[in-house]
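Data first, discussion second: the structure below is written as structure tokens.
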Amino acid sequence: MLSLDYYRKSKILICLLMLFSFNIKAQEDFQIKREEMIKTQIISRGIIDKQVIEAMRKVPRELFVPKKLRSLAYEDTPLPIGEEQTISQPYIVALMTSLLELNKSDRVLEIGTGSGYQAAVLAQIVKEVYTIEIIRSLAFSAQNLLYKLGYKNIKVKWGDGFEGWKEYAPFDEIIITCSIDEFPRSLIEQLKEGGKILAPINNDMGYQNLILGVKTMGKIIQKSIIPCRFVPATHKVR
């Protein structure tokens, strides 16, 4: 006769196997959704940079959104991540990344870490990413997640991003993921000559234009890309 202890251990083993199978199935489902996102939202809209496409393919976007919203992680829309902040829609992340024309040796400064998704995509391509988040809870949750995922080339800082990160300057590129009125002088000073800076700039129509700037002889030569809408910048560390 089999013991009660045997049945208990068998039941636990079966539960563990079922949970393992469920996790594998969930991962496979997200991989399918991720590939569909790349085809229908990114490539179909003209993003042809292979390194950006491959980076978007590798980063598990579902882990950068709240658990209750993971089923929507690959939808063509921004999603709330708490603290009145959002994770940008996949296309915007891909577009902004491709506009920077990144190289493997580059060092990038990001203003507005959010959940850490944009930093993770950048880190798949460049040598180092320095990202600053003004909201403490988001900064530390992003830092913890990026650490768990094994990103060793990302540094996260809690503070006012518009002060930049002088000890690591100059940067090859600077990307700002919140709406601003103009490129901050402090960030321009920390950008390499010939480097690119990208941000949603407020306009008189109540939304923003995505503006790409190139530092030329100490000044920023600007080019308007597309209309967009981002959460507004704040200078209050909290």
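A note on labels: chains of the structure tokens are A, B, ... as shown, every chain counts residues from 1, and ligands are counted from 1 in their shown order.
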Next item on the list: Considering only C-alpha atoms, return as a list in words whatever protein or nucleic-acid residues lie within 12 Å of Phe140 in chain A, sequence-local ones (same chain, fewer than 3 positions apart) excluded.
Entry: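 Here the answer would be Thr113, Gly114, Ser115, Gly116, Thr131, Ile132, Glu133, Ile134, Ile135, Arg136, Ser137, Gln143, Asn144, Leu145, Leu146, Tyr147, Lys155, Val156, Lys157, Trp158 and Gly159 of chain A.
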Deliver the residues from the most recent selection as a file, using C-alpha atoms, as a compact mmCIF listing (two decimals), in the first residue's frame.
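Saved as part.txt:
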# COMPACT_ATOMS: atom_id res chain seq x y z
CA THR A 113 13.32 55.50 -17.45
CA GLY A 114 9.71 54.57 -16.82
CA SER A 115 9.49 50.79 -16.60
CA GLY A 116 12.90 50.37 -18.25
CA THR A 131 18.97 56.27 -17.69
CA ILE A 132 17.47 58.72 -15.18
CA GLU A 133 13.99 58.57 -13.65
CA ILE A 134 12.53 61.33 -11.48
CA ILE A 135 9.97 59.09 -9.72
CA ARG A 136 11.61 56.96 -7.04
CA SER A 137 9.29 53.94 -7.23
CA GLN A 143 16.58 48.95 -11.79
CA ASN A 144 15.54 45.71 -10.09
CA LEU A 145 13.91 44.32 -13.24
CA LEU A 146 16.85 45.19 -15.49
CA TYR A 147 19.21 43.57 -12.99
CA LYS A 155 23.00 52.29 -15.09
CA VAL A 156 19.83 53.67 -13.47
CA LYS A 157 19.70 56.89 -11.47
CA TRP A 158 16.88 58.40 -9.42
CA GLY A 159 16.85 62.17 -9.90
Note to self: At a cut-off of 9 Å, using only C-alpha atoms, what residues contact Leu95 in chain A? Leave out same-chain residues fewer than 4 positions from it and give the result as an NGL selection string.
What the structure shows: :A and (42 or 47 or 52 or 90-91 or 99-100)
Notebook entry, point to check: Quick one: residues within 6 Å of range 224-232 of chain A, only C-alpha atoms counted, chain neighbours fewer than 5 positions away excluded, as a PyMOL selection string?
Noted result: chain A and resi 178-179+207-211
Notebook entry, point to check: Could you write out, as JSON, numbers by chain, all the residues of range 55-145 of chain A that DSSP marks as alpha helix (DSSP H)?
Noted result: {"A": [55, 56, 57, 58, 90, 91, 92, 93, 94, 95, 96, 97, 98, 99, 117, 118, 119, 120, 121, 122, 123, 136, 137, 138, 139, 140, 141, 142, 143, 144, 145]}
Note to self: With distances taken over only C-alpha atoms, which residue among A:Ile175, A:Met37, A:Ile53, A:Met205 lies nearest Ala73 in chain A?
What the structure shows: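 Ranked by minimum distance to Ala73 in chain A, first place goes to A:Met37.
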Check: Between A:Ser98, A:Lys236, A:Ile174, A:Gln124, which one has atoms that come closest to Gly150 in chain A, using only C-alpha atoms?
Finding: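 Result for the nearest residue to Gly150 in chain A: A:Gln124.
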Next item on the list: Would you work out the distance separating CA of Val65 in chain A from CA of Tyr130 in chain A, expressed in Å to one decimal?
Entry: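 It comes out at 20.7 Å.
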Note to self: Between A:Gln118, A:Asp49, A:Lys148, A:Ile176, which residue has the minimum interatomic distance to Ser88 in chain A, considering only C-alpha atoms?
What the structure shows: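 For Ser88 in chain A, the nearest of the candidates is A:Gln118.
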Margin query: For the structure I just gave you, how does DSSP split range 183-234 of chain A - specifically, which residues are strand (DSSP E)? Reply as a ChimeraX atom specification.
Written below: /A:191-202,208-216,219-228
Next item on the list: Might you pull out every residue within 9 Å of Lys127 in chain A, with only C-alpha atoms counted and same-chain residues fewer than 6 positions away left off, and present them as a list in words?
Entry: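 Near neighbours after the sequence-gap exclusion: Asn103, Lys104, Ser105, Asp106, Arg107, Val108 and Asn153 of chain A.
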Write a file of the selected residues as a PDB file, in the first residue's frame, keeping C-alpha atoms.
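Wrote out-v2.pdb, looks like this:
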ATOM      1  CA  ASN A 103      26.526  52.116 -33.129  1.00  0.00           C
ATOM      2  CA  LYS A 104      27.792  49.294 -30.923  1.00  0.00           C
ATOM      3  CA  SER A 105      30.368  51.564 -29.279  1.00  0.00           C
ATOM      4  CA  ASP A 106      27.849  54.303 -28.354  1.00  0.00           C
ATOM      5  CA  ARG A 107      27.009  55.565 -24.887  1.00  0.00           C
ATOM      6  CA  VAL A 108      23.404  56.767 -24.589  1.00  0.00           C
ATOM      7  CA  ASN A 153      25.425  47.729 -19.460  1.00  0.00           C
TER       8      ASN A 153
END
Checklist line | Separation of CA of Ala94 in chain A from CA of Ile43 in chain A in Å | finding: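 Computing it gives 9.6 Å between the two atoms.
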Note to self: List the spatial neighbours of range 213-216 of chain A as a PyMOL selection string - criterion: any atom at most 9 Å away, only C-alpha atoms, same-chain residues fewer than 2 positions off excluded.
What the structure shows: chain A and resi 183+188+191-199+211+218-224
Preceding selection exported with C-alpha atoms as a PDB file, in the first residue's frame:
ATOM      1  CA  PHE A 183      16.122  70.939 -25.419  1.00  0.00           C
ATOM      2  CA  ILE A 188      23.176  69.900 -24.921  1.00  0.00           C
ATOM      3  CA  LEU A 191      26.156  65.763 -25.814  1.00  0.00           C
ATOM      4  CA  LYS A 192      29.168  65.054 -28.022  1.00  0.00           C
ATOM      5  CA  GLU A 193      29.798  67.255 -31.033  1.00  0.00           C
ATOM      6  CA  GLY A 194      27.962  65.590 -33.884  1.00  0.00           C
ATOM      7  CA  GLY A 195      25.781  63.674 -31.435  1.00  0.00           C
ATOM      8  CA  LYS A 196      22.005  63.314 -31.674  1.00  0.00           C
ATOM      9  CA  ILE A 197      19.323  64.361 -29.209  1.00  0.00           C
ATOM     10  CA  LEU A 198      15.691  63.306 -29.568  1.00  0.00           C
ATOM     11  CA  ALA A 199      12.584  64.459 -27.717  1.00  0.00           C
ATOM     12  CA  ILE A 211      12.194  66.500 -32.862  1.00  0.00           C
ATOM     13  CA  GLY A 218      27.838  73.641 -30.268  1.00  0.00           C
ATOM     14  CA  LYS A 219      24.317  74.334 -31.533  1.00  0.00           C
ATOM     15  CA  ILE A 220      21.397  71.994 -32.195  1.00  0.00           C
ATOM     16  CA  ILE A 221      20.158  71.692 -35.781  1.00  0.00           C
ATOM     17  CA  GLN A 222      16.582  70.458 -35.517  1.00  0.00           C
ATOM     18  CA  LYS A 223      14.387  68.312 -37.736  1.00  0.00           C
ATOM     19  CA  SER A 224      10.697  67.609 -37.099  1.00  0.00           C
TER      20      SER A 224
END
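Every protein, DNA or RNA residue with an atom at most 10 Å from Lys58 in chain A, where only C-alpha atoms count and chain neighbours fewer than 3 positions away do not, is listed here: A:Gln31, A:Arg34, A:Glu35, A:Val52, A:Ile53, A:Glu54, A:Ala55, A:Arg61, A:Ala120, A:Val121, A:Gln124.
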Would you output that residue set with C-alpha atoms, as a PDB file, in the first residue's frame?
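So result.pdb came out as:
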ATOM      1  CA  GLN A  31       6.848  35.161 -28.441  1.00  0.00           C
ATOM      2  CA  ARG A  34       6.049  39.751 -30.172  1.00  0.00           C
ATOM      3  CA  GLU A  35       6.768  38.493 -33.669  1.00  0.00           C
ATOM      4  CA  VAL A  52      16.444  47.776 -33.900  1.00  0.00           C
ATOM      5  CA  ILE A  53      14.145  45.013 -35.135  1.00  0.00           C
ATOM      6  CA  GLU A  54      16.329  42.361 -33.529  1.00  0.00           C
ATOM      7  CA  ALA A  55      16.448  44.311 -30.248  1.00  0.00           C
ATOM      8  CA  ARG A  61       7.928  43.656 -23.338  1.00  0.00           C
ATOM      9  CA  ALA A 120      16.494  47.549 -22.430  1.00  0.00           C
ATOM     10  CA  VAL A 121      15.996  47.972 -26.184  1.00  0.00           C
ATOM     11  CA  GLN A 124      20.702  45.396 -26.901  1.00  0.00           C
TER      12      GLN A 124
END
Notebook entry, point to check: Just how far from CA of Ile180 in chain A is CA of Pro200 in chain A, in Å to one decimal?
Noted result: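 So the answer is 6.5 Å.
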